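**Q** Okay, here's the structure, questions in a sec.
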Amino acid sequence: MSKDKSIKRFHGKDLEDLRYEDLMKLNRKQLMDLFFLLDAPSMSEMKGEYRASLLDSGYIINNFLAKLYLHFTWGDWQHKAFEPLGATHGHGYNTFVTTQSKLYENYFAAVFIKMLSIVRSLFRLNSPQRMARIMLNKTSIVSSVFDAKPSFQLSYRDYNTFYTNTMTDEVRKVNDKLYLGIGRLTVTFGKFNPMPFMMIGSPDPWVGPDIEYPNK
């Protein structure tokens, strides 16, 4: 399929008509083909908490690691949230539903606390579920590492510890209520091992992270 910008259809549907169910049916190669057709959203339009969901990551081990990372360590992943700070930069965070009273940004500490929470749950000592807003990032408009076209980028390097700080996401707009993201981790071969996800609007309001951004 041609990657010409004028194309507004994918797999027999107008881009405007694509819904999350359509993306759920696509494999990783098809998701990358769709990503190449799309344009970056503007910084100003990306504001609020967007429902987020994993898509096909290709290999079984990728799907396992993605679910381990986003649905076991901190809790069940719910949103990616953004706040523009200018025409070309902003910041964001992720949300998780958890029963833990405190979540740690450090992955290894988070896994340890998760193990303790499992033990606590056996004795029914866990707290009620709550929404946690953590895993901070910086956002910007950059040239994609995949095709050099503009992408809305999320960088986790400055606010997180290993190995979360090796994560970078790129997001492009499918339509007004659907966005396709491609995540990558340096420790899992970066751009050579893309991990797709989607975001669904209309977004909920921006709330802000549990812990303020450093040097804000």
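Starting from 1 in every chain, residues are counted up; chains themselves are A, B, ... following the order of the structure tokens, and ligands are numbered from 1 as listed.
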Write out as a list in words the residues lying within 8 Å of Leu15 of chain A, counting only C-alpha atoms and excluding same-chain residues fewer than 6 positions away.
**A**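 The neighbour list is Lys8, Arg9, Val174 and Asn175 of chain A.
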**Q** Which residues are close to segment 179-183 of chain A, i.e. within 6 Å by only C-alpha atoms, leaving aside same-chain residues fewer than 5 positions away? Reply as a compact mmCIF listing (two decimals) with N, CA and C atoms, in the first residue's frame.
**A**
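Okay, this is what ended up in result.txt:
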# COMPACT_ATOMS: atom_id res chain seq x y z
N THR A 168 10.52 5.24 25.05
CA THR A 168 10.07 6.38 24.25
C THR A 168 8.85 5.95 23.46
N ASP A 169 7.82 6.81 23.44
CA ASP A 169 6.61 6.54 22.65
C ASP A 169 6.47 7.58 21.56
N GLU A 170 5.93 7.17 20.43
CA GLU A 170 5.52 8.09 19.38
C GLU A 170 4.03 7.91 19.11
N VAL A 171 3.32 9.02 18.93
CA VAL A 171 1.87 8.98 18.75
C VAL A 171 1.49 9.73 17.48
N ARG A 172 0.55 9.14 16.73
CA ARG A 172 -0.04 9.81 15.57
C ARG A 172 -1.55 9.69 15.62
N LYS A 173 -2.21 10.59 14.92
CA LYS A 173 -3.66 10.71 14.99
C LYS A 173 -4.35 9.90 13.89
N VAL A 174 -5.25 9.00 14.31
CA VAL A 174 -6.08 8.27 13.35
C VAL A 174 -7.29 9.12 12.97
N PRO A 194 9.12 -2.61 17.85
CA PRO A 194 8.06 -1.67 18.24
C PRO A 194 6.92 -2.37 18.99
N MET A 195 6.33 -1.64 19.92
CA MET A 195 5.22 -2.16 20.72
C MET A 195 4.04 -1.19 20.60
N PRO A 196 3.06 -1.51 19.76
CA PRO A 196 1.94 -0.59 19.49
C PRO A 196 0.94 -0.53 20.65
N PHE A 197 0.30 0.62 20.75
CA PHE A 197 -0.80 0.83 21.69
C PHE A 197 -1.73 1.87 21.07
N MET A 198 -2.91 2.02 21.65
CA MET A 198 -3.82 3.06 21.15
C MET A 198 -4.33 3.89 22.30
N MET A 199 -4.77 5.10 21.95
CA MET A 199 -5.39 6.01 22.90
C MET A 199 -6.74 6.42 22.34
**Q** Can you pull out the residues contacting Arg130 of chain A? Cut-off 8 Å, using only C-alpha atoms, and skip same-chain residues under 3 positions away; I want them as a list in words.
**A**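 My reading of the contact set: Val97, Thr98 and Thr99 of chain A.
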**Q** Can you write just those residues out, C-alpha atoms, as a compact mmCIF listing (two decimals), in the first residue's frame?
**A**
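The result, written out as again-v1.txt:
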# COMPACT_ATOMS: atom_id res chain seq x y z
CA VAL A 97 -5.79 1.36 39.01
CA THR A 98 -4.13 -0.08 42.10
CA THR A 99 -4.84 -1.27 45.61
**Q** What is the distance, in Å and to one decimal place, between atom CA of Glu212 of chain A and atom CA of Ser42 of chain A?
**A** 24.5 Å
**Q** Between A:Asn27, A:Thr73, A:Asn215, A:Thr88, which is the closest to Tyr59 of chain A once you count only C-alpha atoms?
**A**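 Of the candidates, the smallest distance to Tyr59 of chain A is held by A:Asn27.
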**Q** Enter the distance from atom CA of Lys13 of chain A to atom CA of Asn63 of chain A, in Å, rounded to one decimal.
**A**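 These atoms are spaced 26.9 Å apart.
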**Q** If you run DSSP over the backbone, which residues in segment 9-207 of chain A end up helix (DSSP H, G or I)? Put them as a ChimeraX atom specification.
**A** /A:15-17,20-24,28-37,60-71,107-122,164-166,186-188,190-192
**Q** For Gln153 of chain A, which residue out of A:Met46, A:Val187, A:Leu65, A:Ile200 is the nearest one, using only C-alpha atoms?
**A**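 Counting only C-alpha atoms, the residue closest to Gln153 of chain A is A:Met46.
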**Q** Find the residues around Val142 of chain A up to 10 Å (only C-alpha atoms counted), leave out those fewer than 4 positions away in its own chain, and share them as an MDAnalysis selection string.
**A** chainID A and resid 40 88:89 148:154 170
**Q** Could you jot down the atom CA of Ile141 of chain A to atom CA of Ala66 of chain A separation for me, Å, one decimal place?
**A**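 So the two atoms, atom CA of Ile141 of chain A and atom CA of Ala66 of chain A, lie 24.7 Å apart.
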**Q** Could you pull the residues within 8 Å of segment 155-158 of chain A, counting only C-alpha atoms, minus those fewer than 2 positions along the same chain, as JSON, numbers by chain?
**A** {"A": [135, 136, 137, 138, 139, 153, 160, 161, 164, 165, 166, 167, 168, 169]}
**Q** Deliver the residues from the most recent selection as a file, using N, CA and C atoms, as an mmCIF file, in the first residue's frame.
**A**
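Just written: part-v2.cif:
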data_model
loop_
_atom_site.group_PDB
_atom_site.id
_atom_site.type_symbol
_atom_site.label_atom_id
_atom_site.label_comp_id
_atom_site.auth_asym_id
_atom_site.auth_seq_id
_atom_site.Cartn_x
_atom_site.Cartn_y
_atom_site.Cartn_z
ATOM 1 N N MET A 135 4.586 7.635 36.460
ATOM 2 C CA MET A 135 5.343 7.391 35.240
ATOM 3 C C MET A 135 5.334 8.639 34.345
ATOM 4 N N LEU A 136 6.036 9.658 34.811
ATOM 5 C CA LEU A 136 6.043 10.968 34.159
ATOM 6 C C LEU A 136 6.848 10.940 32.863
ATOM 7 N N ASN A 137 6.530 11.875 31.986
ATOM 8 C CA ASN A 137 7.265 11.974 30.721
ATOM 9 C C ASN A 137 7.270 13.408 30.220
ATOM 10 N N LYS A 138 8.185 13.679 29.292
ATOM 11 C CA LYS A 138 8.214 14.942 28.558
ATOM 12 C C LYS A 138 7.676 14.699 27.154
ATOM 13 N N THR A 139 6.888 15.637 26.647
ATOM 14 C CA THR A 139 6.333 15.500 25.304
ATOM 15 C C THR A 139 6.902 16.569 24.370
ATOM 16 N N GLN A 153 5.944 12.875 20.548
ATOM 17 C CA GLN A 153 6.816 11.964 21.286
ATOM 18 C C GLN A 153 6.665 12.104 22.793
ATOM 19 N N ASN A 160 12.446 9.070 35.155
ATOM 20 C CA ASN A 160 12.315 7.697 35.607
ATOM 21 C C ASN A 160 13.665 7.016 35.737
ATOM 22 N N THR A 161 13.666 5.875 36.387
ATOM 23 C CA THR A 161 14.868 5.086 36.573
ATOM 24 C C THR A 161 14.859 3.905 35.610
ATOM 25 N N THR A 164 12.578 1.953 32.864
ATOM 26 C CA THR A 164 11.550 2.850 32.337
ATOM 27 C C THR A 164 12.179 4.033 31.618
ATOM 28 N N ASN A 165 13.353 4.471 32.063
ATOM 29 C CA ASN A 165 13.979 5.640 31.437
ATOM 30 C C ASN A 165 14.522 5.346 30.046
ATOM 31 N N THR A 166 14.454 4.098 29.600
ATOM 32 C CA THR A 166 14.846 3.770 28.221
ATOM 33 C C THR A 166 13.639 3.749 27.283
ATOM 34 N N MET A 167 12.464 4.105 27.798
ATOM 35 C CA MET A 167 11.235 4.031 27.007
ATOM 36 C C MET A 167 10.948 5.347 26.295
ATOM 37 N N THR A 168 10.516 5.240 25.050
ATOM 38 C CA THR A 168 10.072 6.380 24.255
ATOM 39 C C THR A 168 8.851 5.948 23.462
ATOM 40 N N ASP A 169 7.820 6.806 23.439
ATOM 41 C CA ASP A 169 6.615 6.541 22.653
ATOM 42 C C ASP A 169 6.472 7.582 21.556
#
